[in-house]
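K.L.:
Before I ask anything, here is the structure I am working with.
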Amino acid sequence: MRTPTMSPKSTFVFCNSPSLSISPSTKAWVSELITMPSPQNASKKSTIIMNNPKEIKSKNNLLQTKLNDLKKQLKRQRAIINSLKKPKNKNKIKKREAKEFFENAKFYSKNSELFVKMQLLHSKRKPWSTAEKNFALSLYYKSPSTYRYMRKNNLVLPGESTIRRWLNSISFSTGFSDKYFEQIKLKTSEMSYVEKKCVILLDEISIMKFIEYNKTLDLIEGFEDIGMLGRTNKIGSHALVVMLRGLYKNWKFPLCYFFTGSGIKGDNLVLIVKTCVQKVLDLKLIPTCIVCDQGTQNRRMFSILKGTEDNPHTTICGQKLFLIYDLPHLIKSLRNNLLDGDYMIEKTKLVTMKDIRKTYEIDIKNTARALCKITPTHLAPNPFQKMTCKLAIQLFSHSVSAAIRTCITTGELKSPTAIDTANFIDIVNNMFDSGNSKFLYDPNPNKRPISDRNPQVLNNLEKARQMFKSVVKICHKTNKSTVPPCLIGITWTTTAICQLYGSEKNDIMKNNEMGKGFFLMTNRLTQDALENMFSVIRQKNG
């Protein structure tokens, strides 16, 4: 009997077996067949062939989205891991130390405390509070370059892009904004009767001609836009702004604005003013007067409203309103007319610029000067300097009048008209002081508010009113006498202020709103608040 032999693959092979003559590959196949009678075929990977490009693109987008989600999830998990690696009590210790610091520290203002808190406690992901937003906006408004410098030195402040985003979120187009008025009503509803008394200020500011597209409003801005009166194809060169200011309380806010091509017409201005009065009454406020400069459109408006020199008031929507010209602008026009002419008072007294120039020439030679603030610019201003009220007010001041009287007394000034010029300047100076009172108590009695305790204030206004009724201008070139609008405007304004005081005194005392006695600060009847806003706009925008 033949004995089998064991192969290396553990298969039995008999001697003289037919399998010895087969090839190695066949032998391997036979061996596998013997060891595994039911061999498993290797599974073939199924392949999906997509010929449609849209399906490929959508599949790719889906996979890309999943990949991005996984990356974000991974980033969050890593952030959590990093935060867990840090000491847990580190932030608590910082907050505790900061709290102890603010409890013990003394700050001179709320803004200084807020600024220090921003440096110590603000984190990157923490949203800015309302107080921090207001502080950052006020700082940016004051000086954008300073704001950038502070951020450059790693001080914690909102970025410039964040500031611009906050500003762009405020939408305030030309005309009247209902949403804006809704917010104002929340404040006016809590005001007392005296607080609701207000003054309507209006003036125009010259702007640069420029057209741009507003993405928020989907509108091309820069053309003439008069709100309810429509838009034109003229490029806007002026902006008409209407502002409200408290007559007794120190509050103010802009009511509306419009873009005009070459100044608004008086007829259109009347429609705007009437609409403004109605809007003010809807806000539950009480308008008492309208204040503007003596531009041609404003004089036309007062004429349409049937205001006169002796009765400078009108009635709109059942509300009595006094019509007042801005006193600083009137004094500026008074000085400009004196540069090319003389003033004749009561046909006998002459006021001339020559007396002021001679006094200045005498004073400049002395060691101890009396006219320290007067310069050649005051005596011969250029066209731009003629628009400055400050120079005119300094020229018609008590120091100039006193210097003229001193030169007359010493015999250095021998002009026969010098004493009339000095008296004229005194009356104008006292009129301006009485028409520009800002404080309840002032060392200068002429600068105190109108009240029964200060009768000299009304006397100054009445004295100026009586004098300017008889003043005419004698032109140097033509030697003809004329009455410039500023002379009528001064008589008009002084009459309006005196009548407004009497009307308000009766109304306030009737309602027993002022227990300590009635008074009226006349600075509230000027355009100072509006001019200050214009100066801020020029500072920020050039």
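If you're wondering about the labels, chains in the structure tokens are A, B, ... by order shown, residues count from 1 in each chain, ligands from 1 in order shown.
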Going by DSSP on the backbone, which bits of region 207-364 of chain A are alpha helix (DSSP H)? Write them as a VMD selection string, please.

P.N.:
chain A and resid 266 to 282 296 to 304 327 to 339 353 to 364

K.L.:
Applying 12 Å and only C-alpha atoms, which residues near Pro376 (chain A) remain after dropping the ones on its own chain fewer than 2 positions away? List them as a list of chain:residue names.

P.N.:
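Listing them by chain and then by number gives A:Ile356, A:Arg357, A:Tyr360, A:Glu361, A:Ile364, A:Leu371, A:Cys372, A:Lys373, A:Ile374, A:His378, A:Leu379, A:Ala380, A:Pro381, A:Asn382, A:Gln385, A:Leu391, A:Leu395.
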
K.L.:
Could you write out the selected residues, including N, CA and C atoms, as a PDB file, in the first residue's frame?

P.N.:
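This went into again_35.pdb:
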```pdb
ATOM      1  N   ILE A 356     -14.568 156.148  14.273  1.00  0.00           N
ATOM      2  CA  ILE A 356     -14.034 154.903  14.849  1.00  0.00           C
ATOM      3  C   ILE A 356     -12.612 154.668  14.359  1.00  0.00           C
ATOM      4  N   ARG A 357     -12.358 154.946  13.066  1.00  0.00           N
ATOM      5  CA  ARG A 357     -11.008 154.750  12.515  1.00  0.00           C
ATOM      6  C   ARG A 357     -10.012 155.711  13.167  1.00  0.00           C
ATOM      7  N   TYR A 360      -9.156 154.534  16.594  1.00  0.00           N
ATOM      8  CA  TYR A 360      -8.255 153.373  16.541  1.00  0.00           C
ATOM      9  C   TYR A 360      -6.827 153.823  16.254  1.00  0.00           C
ATOM     10  N   GLU A 361      -6.645 154.789  15.348  1.00  0.00           N
ATOM     11  CA  GLU A 361      -5.304 155.285  15.019  1.00  0.00           C
ATOM     12  C   GLU A 361      -4.667 155.977  16.222  1.00  0.00           C
ATOM     13  N   ILE A 364      -3.817 153.068  18.936  1.00  0.00           N
ATOM     14  CA  ILE A 364      -2.737 152.128  18.601  1.00  0.00           C
ATOM     15  C   ILE A 364      -1.361 152.727  18.880  1.00  0.00           C
ATOM     16  N   LEU A 371      -8.457 149.710  23.081  1.00  0.00           N
ATOM     17  CA  LEU A 371      -9.110 148.881  22.056  1.00  0.00           C
ATOM     18  C   LEU A 371      -8.239 147.666  21.746  1.00  0.00           C
ATOM     19  N   CYS A 372      -8.076 146.788  22.736  1.00  0.00           N
ATOM     20  CA  CYS A 372      -7.186 145.632  22.566  1.00  0.00           C
ATOM     21  C   CYS A 372      -7.738 144.629  21.553  1.00  0.00           C
ATOM     22  N   LYS A 373      -9.053 144.509  21.479  1.00  0.00           N
ATOM     23  CA  LYS A 373      -9.660 143.499  20.612  1.00  0.00           C
ATOM     24  C   LYS A 373      -9.901 143.994  19.184  1.00  0.00           C
ATOM     25  N   ILE A 374      -9.777 145.296  18.966  1.00  0.00           N
ATOM     26  CA  ILE A 374     -10.044 145.854  17.645  1.00  0.00           C
ATOM     27  C   ILE A 374      -8.785 145.750  16.788  1.00  0.00           C
ATOM     28  N   HIS A 378     -11.512 144.545  11.699  1.00  0.00           N
ATOM     29  CA  HIS A 378     -12.800 145.101  12.121  1.00  0.00           C
ATOM     30  C   HIS A 378     -13.166 146.337  11.307  1.00  0.00           C
ATOM     31  N   LEU A 379     -12.163 147.111  10.907  1.00  0.00           N
ATOM     32  CA  LEU A 379     -12.419 148.382  10.227  1.00  0.00           C
ATOM     33  C   LEU A 379     -12.535 148.221   8.718  1.00  0.00           C
ATOM     34  N   ALA A 380     -11.848 147.236   8.146  1.00  0.00           N
ATOM     35  CA  ALA A 380     -11.899 147.018   6.692  1.00  0.00           C
ATOM     36  C   ALA A 380     -11.954 145.520   6.408  1.00  0.00           C
ATOM     37  N   PRO A 381     -13.063 144.867   6.693  1.00  0.00           N
ATOM     38  CA  PRO A 381     -13.166 143.411   6.477  1.00  0.00           C
ATOM     39  C   PRO A 381     -13.297 143.065   5.000  1.00  0.00           C
ATOM     40  N   ASN A 382     -12.801 141.886   4.644  1.00  0.00           N
ATOM     41  CA  ASN A 382     -12.978 141.396   3.275  1.00  0.00           C
ATOM     42  C   ASN A 382     -14.364 140.770   3.140  1.00  0.00           C
ATOM     43  N   GLN A 385     -15.017 138.101   5.745  1.00  0.00           N
ATOM     44  CA  GLN A 385     -15.057 138.621   7.112  1.00  0.00           C
ATOM     45  C   GLN A 385     -16.311 139.448   7.371  1.00  0.00           C
ATOM     46  N   LEU A 391     -17.147 140.056  14.576  1.00  0.00           N
ATOM     47  CA  LEU A 391     -16.407 141.289  14.308  1.00  0.00           C
ATOM     48  C   LEU A 391     -17.310 142.513  14.433  1.00  0.00           C
ATOM     49  N   LEU A 395     -17.136 145.593  17.275  1.00  0.00           N
ATOM     50  CA  LEU A 395     -16.994 146.984  16.843  1.00  0.00           C
ATOM     51  C   LEU A 395     -18.008 147.887  17.550  1.00  0.00           C
TER      52      LEU A 395
END
```

K.L.:
Sorted by chain and rising residue number, which residues of region 237-293 of chain A lie within 9 Å of region 315-318 of chain A, and what are their closest atom pairs and distances in Å to one decimal, counting only C-alpha atoms, as CSV?

P.N.:
```
residue,atom,partner,partner_atom,distance
A:Lys274,CA,A:Ile316,CA,6.5
A:Val277,CA,A:Ile316,CA,7.1
A:Gln278,CA,A:Cys317,CA,6.6
A:Leu281,CA,A:Cys317,CA,8.6
```

K.L.:
Rounded to one decimal in Å, what is the spacing between CA of Leu244 (chain A) and CA of Phe518 (chain A)?

P.N.:
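About the pair CA of Leu244 (chain A) and CA of Phe518 (chain A): they are 21.9 Å apart.
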
K.L.:
If DSSP is run on the backbone, what residues of region 133-365 of chain A are strand (DSSP E or B)? A reply as a PyMOL selection string would be ideal.

P.N.:
chain A and resi 175+197-206+212-214+219-221+223-225+231-235+238-246+252-260+286-292+313-316+319-325+341-345+349-351

K.L.:
Write out the residues from the selection above, keeping C-alpha atoms, as a CSV table (one decimal), in the first residue's frame.

P.N.:
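File produced: selection-v6.csv:
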```
chain,number,residue,atom,x,y,z
A,175,GLY,CA,-39.0,116.1,5.0
A,197,LYS,CA,-43.0,126.3,25.2
A,198,CYS,CA,-40.6,126.4,22.3
A,199,VAL,CA,-39.1,128.5,19.5
A,200,ILE,CA,-39.0,127.5,15.8
A,201,LEU,CA,-35.6,128.3,14.2
A,202,LEU,CA,-34.9,128.1,10.5
A,203,ASP,CA,-31.8,128.8,8.4
A,204,GLU,CA,-30.0,127.6,5.3
A,205,ILE,CA,-26.4,126.3,5.1
A,206,SER,CA,-24.4,126.2,1.9
A,212,GLU,CA,-24.5,109.8,-4.8
A,213,TYR,CA,-26.6,106.6,-4.7
A,214,ASN,CA,-28.2,105.7,-1.3
A,219,LEU,CA,-32.5,106.7,-4.2
A,220,ILE,CA,-30.1,109.1,-5.9
A,221,GLU,CA,-29.4,111.9,-3.5
A,223,PHE,CA,-30.9,116.9,-6.3
A,224,GLU,CA,-33.2,119.6,-5.0
A,225,ASP,CA,-35.7,117.9,-2.6
A,231,ARG,CA,-37.9,116.9,-6.3
A,232,THR,CA,-36.4,118.7,-9.3
A,233,ASN,CA,-33.5,118.1,-11.6
A,234,LYS,CA,-31.5,121.0,-10.0
A,235,ILE,CA,-28.4,120.1,-8.1
A,238,HIS,CA,-28.2,124.6,0.1
A,239,ALA,CA,-29.8,122.8,3.0
A,240,LEU,CA,-32.7,124.3,4.8
A,241,VAL,CA,-32.9,123.1,8.4
A,242,VAL,CA,-35.8,123.7,10.9
A,243,MET,CA,-35.0,123.3,14.6
A,244,LEU,CA,-37.0,123.5,17.8
A,245,ARG,CA,-35.6,125.0,20.9
A,246,GLY,CA,-37.1,125.3,24.4
A,252,LYS,CA,-33.4,121.5,21.3
A,253,PHE,CA,-33.6,119.1,18.4
A,254,PRO,CA,-33.8,119.4,14.5
A,255,LEU,CA,-37.3,119.0,13.2
A,256,CYS,CA,-36.7,118.5,9.4
A,257,TYR,CA,-34.4,119.5,6.5
A,258,PHE,CA,-34.7,120.1,2.8
A,259,PHE,CA,-32.2,120.4,-0.1
A,260,THR,CA,-32.6,123.5,-2.3
A,286,ILE,CA,-46.5,125.0,22.1
A,287,PRO,CA,-44.6,127.1,19.6
A,288,THR,CA,-44.4,130.8,20.5
A,289,CYS,CA,-42.3,132.5,17.7
A,290,ILE,CA,-40.4,132.0,14.5
A,291,VAL,CA,-36.7,133.1,14.4
A,292,CYS,CA,-34.7,133.5,11.1
A,313,HIS,CA,-47.0,138.4,14.7
A,314,THR,CA,-49.2,136.0,12.8
A,315,THR,CA,-51.6,133.1,13.5
A,316,ILE,CA,-51.0,129.6,12.1
A,319,GLN,CA,-51.6,129.4,17.4
A,320,LYS,CA,-50.3,133.0,17.8
A,321,LEU,CA,-46.6,133.2,16.7
A,322,PHE,CA,-44.3,136.2,16.9
A,323,LEU,CA,-42.0,136.8,13.9
A,324,ILE,CA,-38.4,137.7,15.0
A,325,TYR,CA,-35.2,138.4,13.0
A,341,GLY,CA,-22.3,155.1,4.2
A,342,ASP,CA,-23.2,157.2,7.3
A,343,TYR,CA,-26.3,157.0,9.6
A,344,MET,CA,-28.4,160.1,10.0
A,345,ILE,CA,-30.5,160.2,13.2
A,349,LYS,CA,-27.0,163.6,14.3
A,350,LEU,CA,-24.5,161.9,12.1
A,351,VAL,CA,-22.8,158.5,12.8
```

K.L.:
One decimal, Å: what's the distance from CA of Leu67 (chain A) over to CA of Asn82 (chain A), could you say?

P.N.:
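About the pair CA of Leu67 (chain A) and CA of Asn82 (chain A): they are 22.4 Å apart.
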
K.L.:
Pick out the closest residue to Ile184 (chain A) from this set: A:Lys279, A:Lys110, A:Lys124, A:Arg151. Count only C-alpha atoms.

P.N.:
A:Lys279

K.L.:
So which one's closest to Thr491 (chain A), A:Asn337, A:Ser58, A:Met431, A:Lys510? Using only C-alpha atoms, please.

P.N.:
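Of A:Asn337, A:Ser58, A:Met431, A:Lys510, the one nearest Thr491 (chain A) is A:Met431, counting only C-alpha atoms.
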
K.L.:
Measure the distance from CA of Gln394 (chain A) to CA of Asp442 (chain A) in Å and round it to one decimal.

P.N.:
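Pair CA of Gln394 (chain A) / CA of Asp442 (chain A) returns 19.2 Å.
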